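Asks: I have a structure I would like to understand better, so I am pasting it below and will then ask my questions one at a time.
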Number of protein chains: 2
Amino acid sequence: MSVDPAAAQTLGTVRIVGTGLLGASIGLGLRGLGVRVLLHDPSPTALALARDVGAGEIDPGDVPVDLVVVGAPPDVTAGVVRAELAAHPRATVTDVASVKGGIAHALAGADGIDRYVGGHPMSGRERSGPTAGRGDLFVGRPWVVCPSSPGQARERTEAVRMLAIALGSTPVFMPASEHDDAVALVSHVPQIAASLVASRLVKAGDPAVGLAGQGLRDVTRIADSDPMLWAQILSANAPRVAGVLKDLRTDLDGMIEALDALNDSGAVGARAAVARVIHQGREGRERIPGKHGDPQTRYALVTALLPDSTGQLARLFEDIGEAGINVEEFSLEHIPGARVGLGHVSVLPAVRDALEKALTDRGWHVAA
Amino acid sequence: MSVDPAAAQTLGTVRIVGTGLLGASIGLGLRGLGVRVLLHDPSPTALALARDVGAGEIDPGDVPVDLVVVGAPPDVTAGVVRAELAAHPRATVTDVASVKGGIAHALAGADGIDRYVGGHPMSGRERSGPTAGRGDLFVGRPWVVCPSSPGQARERTEAVRMLAIALGSTPVFMPASEHDDAVALVSHVPQIAASLVASRLVKAGDPAVGLAGQGLRDVTRIADSDPMLWAQILSANAPRVAGVLKDLRTDLDGMIEALDALNDSGAVGARAAVARVIHQGREGRERIPGKHGDPQTRYALVTALLPDSTGQLARLFEDIGEAGINVEEFSLEHIPGARVGLGHVSVLPAVRDALEKALTDRGWHVAA
């Protein structure tokens, strides 16, 4: 999966309104594919920066455009889309906001609404602004496309689909409401859960956090996010996120009740209630698609001890490659206090033993 | 950090009672260091298996022992420790149960309690039983040591400290109550949170879970755990886990209330309340120690596109090594539907640009 120059050629002239991270990245990507890109931003500084990094030319205002991409902040997106529909009466207009229902609602019945197609490229970076823009920000990511009506003209949705394909994304069509339900579940609620778990550590003692292992690190990784950005995102999807959180709270209440009952020396069924929560989580976990969209594969794990010096990872993967074994997943784990790391190599179960033997033969210390 | 034969030599004869995963792994590790290991298990099958994999000899019953390691299930550990203290009146007795307070409580005032030292090697595998045992299961992991009284004789705690060091672990001394508080926070509550988030996916549609990204995968990874094992662990630490969960629920209630208020079109302060939860999570996340026990370092990220074929990872790390750059963290991400992966390489911020240039020069496609 990579950028697609043929798809880019179908786009015509593209105007980008709002040259922050996403707008500038789209401009950079399209410019790299030879598309004419006209930039506009209410901030002259952001606009000049986007031009200077190569995201396109400043829109002279008199060139007919085929596609307008609105990269404005979520809370002003609907207004900007409406203005663009009016100003460019032949163009298809799309946006990149991460919550879609509110915008669709605000635009209902707008003049030219049949030319608006909602979009959400599901990529982001820890940085923001035009200078953080990258033309390949979207490669390999889903790009959700939300038609403004079920019967919207194919010509309009096709323009946005081609934009996604040109930039290396996988277009995924769904109605705005379905999109917002989905991101509440796979993005917004996990973010809140990570933050809630990490919050518990604020007042923890050093010895306690010193026992932190990979499990805690994984659960809390995304807690390291921008509070103001997330306040915007969660607010825009408030009812759906609250709905999922209430379901989660029901299960949490059940767990607390079961633990309290156990504490009162073993109420009947309390232990089973605890096990049920874990069991249900396991079932849910199995729903997440695995590699290449296949149903999640169970991989076998081989862990190698890695001295902390340059070149060790290269040597490890060279040795694995020489053994003719394909790595399915890999993660590097640090051991607090030790000058050594653990390299967790996931492979298909059938080649697990071969990998372990190959590594041991080549002098690696293979740990459990 | 690796196994330590000198420490092993101080241990004398070691008896292991309970030859499941942990007991068998301790036996394997010690046998590899030349320690005499006597095995005992109420199950003749488990005992014979442990002997057959090389974890030690079956205890003939008439050999004086210096150290007894109880690897029984948590709910019978206290009783087994009491029996071992009585049967081996000179030996130090330790255990490996993952919750310590209940056992200490059950043993209070027991004959020979001054010879009991609680232990918790913080390692595990997805498998169980003696055949899953590995002598290097403990290498690089913390091994919590809980003296049975603040003034316990150094000779007793030293025996357990040496056991941990012999097997390559880092001994960490703390009282049983502090240990149980710590694991509630860094292990038990994250487990429950992961399960609660993953549970939400059970009834989700395929298109929704198809949008799952690395964030959801990380948050829910440990949800893939054994329900019966976790029912035991959580039950043994029920009051402490319930306490942390109630704090978490207070924050969750605050988040739900704020989202509901936003829904009723923007009650004053609701958006700030949402931001506060994310902000607090970020603060907590920063408490987790980073590499080598240093305060968590912020690394810079460079992402390379990896064609899904054998040898690509080797080539990547070879190229990084040639550039003289040390990799701090690495993770491999799959792109659903694409025959390509993303290799996320974390490095010290100072060498980020050099790495990006080195990879680009060597023909890698470096993504955002």
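Numbering starts fresh at 1 for the residues of each chain in the structure tokens, the chains themselves are lettered A, B, ... in the order given, and ligands are numbered from 1 as they appear.
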Give me, as a short mmCIF file (atom, residue, chain, number, x, y, z; two decimals) with C-alpha atoms, in the first residue's frame, all polymer residues having an atom no more than 10 Å from range 343-359 of chain B, counting only C-alpha atoms and skipping those fewer than 2 positions away in the same chain.
Replies:
```
data_model
loop_
_atom_site.label_atom_id
_atom_site.label_comp_id
_atom_site.auth_asym_id
_atom_site.auth_seq_id
_atom_site.Cartn_x
_atom_site.Cartn_y
_atom_site.Cartn_z
CA PHE A 330 7.92 -7.66 17.49
CA SER A 331 8.24 -5.56 20.59
CA THR B 297 12.54 9.54 28.69
CA ARG B 298 10.59 11.12 25.86
CA TYR B 299 11.87 9.50 22.70
CA ALA B 300 11.54 10.75 19.18
CA LEU B 301 9.73 8.48 16.76
CA VAL B 302 10.69 7.56 13.22
CA THR B 303 8.42 5.19 11.33
CA ALA B 304 9.60 3.08 8.43
CA LEU B 305 7.38 1.22 5.98
CA LEU B 306 8.22 -2.47 5.95
CA LEU B 313 13.53 -6.19 9.76
CA LEU B 316 16.23 -2.18 8.78
CA PHE B 317 18.23 -2.79 11.94
CA ASP B 319 20.95 0.02 8.35
CA ILE B 320 20.23 1.65 11.70
CA GLU B 322 25.50 1.09 10.34
CA ALA B 323 24.38 4.64 11.00
CA GLY B 324 25.64 4.18 14.56
CA ILE B 325 22.23 4.88 16.08
CA ASN B 326 20.94 3.13 19.19
CA VAL B 327 17.30 2.05 19.16
CA GLU B 328 15.53 2.85 22.45
CA GLU B 329 12.17 1.28 21.66
CA PHE B 330 10.73 -0.52 18.68
CA SER B 331 7.31 -1.77 17.76
CA LEU B 332 5.94 -3.36 14.63
CA GLU B 333 2.45 -2.35 13.59
CA HIS B 334 0.27 -4.13 11.13
CA VAL B 340 3.03 -3.87 4.58
CA GLY B 341 3.85 -3.01 8.18
CA ASP B 361 19.43 7.49 2.10
CA ARG B 362 19.30 3.72 2.31
CA GLY B 363 16.05 3.55 0.37
CA TRP B 364 13.54 3.22 3.22
CA HIS B 365 10.18 4.85 2.96
CA VAL B 366 9.99 6.83 6.20
CA ALA B 367 6.41 7.63 7.20
CA ALA B 368 5.01 10.06 9.71
#
```
Asks: So which residues touch Gly56 in chain B within 9 Å, counting only C-alpha atoms, skipping near sequence neighbours fewer than 2 positions away, as an mmCIF file with C-alpha atoms, in the first residue's frame?
Replies:
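Once written, around12.cif looks like this:
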```
data_model
loop_
_atom_site.group_PDB
_atom_site.id
_atom_site.type_symbol
_atom_site.label_atom_id
_atom_site.label_comp_id
_atom_site.auth_asym_id
_atom_site.auth_seq_id
_atom_site.Cartn_x
_atom_site.Cartn_y
_atom_site.Cartn_z
ATOM 1 C CA ILE B 16 10.419 -27.115 45.908
ATOM 2 C CA ALA B 24 9.438 -26.139 37.820
ATOM 3 C CA GLY B 27 14.028 -25.952 39.757
ATOM 4 C CA LEU B 28 15.273 -25.749 36.177
ATOM 5 C CA LEU B 30 18.780 -23.801 40.013
ATOM 6 C CA ARG B 31 19.682 -27.177 38.494
ATOM 7 C CA ARG B 36 20.687 -29.737 44.489
ATOM 8 C CA VAL B 37 16.900 -29.498 44.035
ATOM 9 C CA LEU B 38 14.368 -31.810 45.722
ATOM 10 C CA LEU B 39 10.888 -31.818 44.243
ATOM 11 C CA ALA B 50 8.893 -31.798 36.605
ATOM 12 C CA ARG B 51 11.588 -34.402 37.192
ATOM 13 C CA ASP B 52 11.491 -35.465 33.555
ATOM 14 C CA VAL B 53 11.998 -31.898 32.272
ATOM 15 C CA GLY B 54 15.051 -31.633 34.530
ATOM 16 C CA ILE B 58 12.013 -36.397 43.584
ATOM 17 C CA ASP B 59 12.504 -35.595 47.282
#
```
Asks: Nearest to chain A: which of B:Gly213, B:Gly151, B:Pro175, B:Gly129 is it, counting only C-alpha atoms?
Replies: B:Gly213
Asks: Return the single residue from B:Pro44, B:Gly79, B:Gly23, B:Gly215 that is closest to Met122 in chain A, with distances computed using only C-alpha atoms.
Replies: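 Of B:Pro44, B:Gly79, B:Gly23, B:Gly215, the one nearest Met122 in chain A is B:Gly215, counting only C-alpha atoms.
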Asks: Quick one: of B:Glu286, B:Glu158, B:Asp75, B:Asp206, who's nearest to Ala8 in chain B, counting only C-alpha atoms?
Replies: B:Glu158
Asks: Considering only C-alpha atoms, state which residue in the set A:Pro227, A:Gly254, A:Gly29, A:Gly71 is at the smallest distance from chain B.
Replies: A:Pro227
Asks: Of the residues A:Leu11, A:Ala46, A:Val3, A:Ala55, which is the one nearest to chain B, using only C-alpha atoms?
Replies: A:Val3
Asks: What does the distance between CA of Pro207 in chain B and CA of Arg141 in chain A come to in Å, to one decimal place?
Replies: 14.3 Å
Asks: As an exercise, work out the distance from CA of Leu229 in chain B to CA of Ala275 in chain A in Å and give it to one decimal place.
Replies: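 Value for the CA of Leu229 in chain B-CA of Ala275 in chain A distance: 8.3 Å.
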Asks: Can you list, as a PyMOL selection string, all residues belonging to range 256-288 of chain B that DSSP tags as alpha helix (DSSP H)?
Replies: chain B and resi 256-263+270-285
Asks: Using DSSP on the backbone coordinates, identify all residues within range 9-45 of chain B classified as strand (DSSP E); present the result as a compact mmCIF listing (two decimals) with C-alpha atoms, in the first residue's frame.
Replies:
```
# COMPACT_ATOMS: atom_id res chain seq x y z
CA VAL B 14 16.56 -26.46 47.96
CA ARG B 15 13.19 -28.21 48.26
CA ILE B 16 10.42 -27.12 45.91
CA VAL B 17 6.84 -27.88 46.94
CA VAL B 37 16.90 -29.50 44.03
CA LEU B 38 14.37 -31.81 45.72
CA LEU B 39 10.89 -31.82 44.24
CA HIS B 40 7.53 -32.46 45.87
```
Asks: Rank B:Gly112, B:Pro64, B:Gly243, B:Gly311 by their smallest atom-to-atom distance to chain A, using only C-alpha atoms, and report the top residue only.
Replies: B:Gly311
Asks: Write out as a list in words which residues come within 10 Å of Ser2 in chain A when counting only C-alpha atoms, dropping same-chain ones fewer than 5 positions away.
Replies: Asp136, Phe138, Val139, Gly140, Ile165, Ala166, Leu167, Gly168, Ser169 and Thr170 of chain A; Leu305, Ala338, Val340 and His365 of chain B
Asks: Identify, on the basis of only C-alpha atoms, every residue whose closest approach to Asp226 in chain B does not exceed 8 Å; exclude the query and any residue fewer than 2 positions from it along the same chain; express the result as a ChimeraX atom specification.
Replies: /A:278-279 /B:224,228-230
Asks: Could you write out that same residue set with N, CA, C and O atoms as a PDB file, in the first residue's frame?
Replies:
```pdb
ATOM      1  N   ILE A 278     -13.387 -10.924  33.173  1.00  0.00           N
ATOM      2  CA  ILE A 278     -12.142 -11.222  32.447  1.00  0.00           C
ATOM      3  C   ILE A 278     -12.460 -12.037  31.192  1.00  0.00           C
ATOM      4  O   ILE A 278     -11.909 -11.788  30.110  1.00  0.00           O
ATOM      5  N   HIS A 279     -13.379 -12.984  31.338  1.00  0.00           N
ATOM      6  CA  HIS A 279     -13.750 -13.825  30.205  1.00  0.00           C
ATOM      7  C   HIS A 279     -14.360 -12.997  29.072  1.00  0.00           C
ATOM      8  O   HIS A 279     -14.030 -13.177  27.894  1.00  0.00           O
TER       9      HIS A 279
ATOM     10  N   ASP B 224      -6.407 -10.518  27.078  1.00  0.00           N
ATOM     11  CA  ASP B 224      -6.280 -11.875  26.562  1.00  0.00           C
ATOM     12  C   ASP B 224      -5.728 -12.804  27.652  1.00  0.00           C
ATOM     13  O   ASP B 224      -4.767 -13.526  27.419  1.00  0.00           O
ATOM     14  N   MET B 228      -9.938 -17.856  35.028  1.00  0.00           N
ATOM     15  CA  MET B 228      -9.924 -18.522  36.331  1.00  0.00           C
ATOM     16  C   MET B 228      -8.707 -18.105  37.149  1.00  0.00           C
ATOM     17  O   MET B 228      -8.799 -17.872  38.348  1.00  0.00           O
ATOM     18  N   LEU B 229      -7.568 -17.979  36.482  1.00  0.00           N
ATOM     19  CA  LEU B 229      -6.370 -17.509  37.178  1.00  0.00           C
ATOM     20  C   LEU B 229      -6.614 -16.124  37.762  1.00  0.00           C
ATOM     21  O   LEU B 229      -6.303 -15.842  38.918  1.00  0.00           O
ATOM     22  N   TRP B 230      -7.211 -15.253  36.938  1.00  0.00           N
ATOM     23  CA  TRP B 230      -7.409 -13.873  37.394  1.00  0.00           C
ATOM     24  C   TRP B 230      -8.485 -13.769  38.452  1.00  0.00           C
ATOM     25  O   TRP B 230      -8.429 -12.901  39.327  1.00  0.00           O
TER      26      TRP B 230
END
```
Asks: Provide the CA of Ala212 in chain B to CA of Pro190 in chain A distance in Å, to one decimal place.
Replies: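 If I compute the distance from CA of Ala212 in chain B to CA of Pro190 in chain A, I get 10.5 Å.
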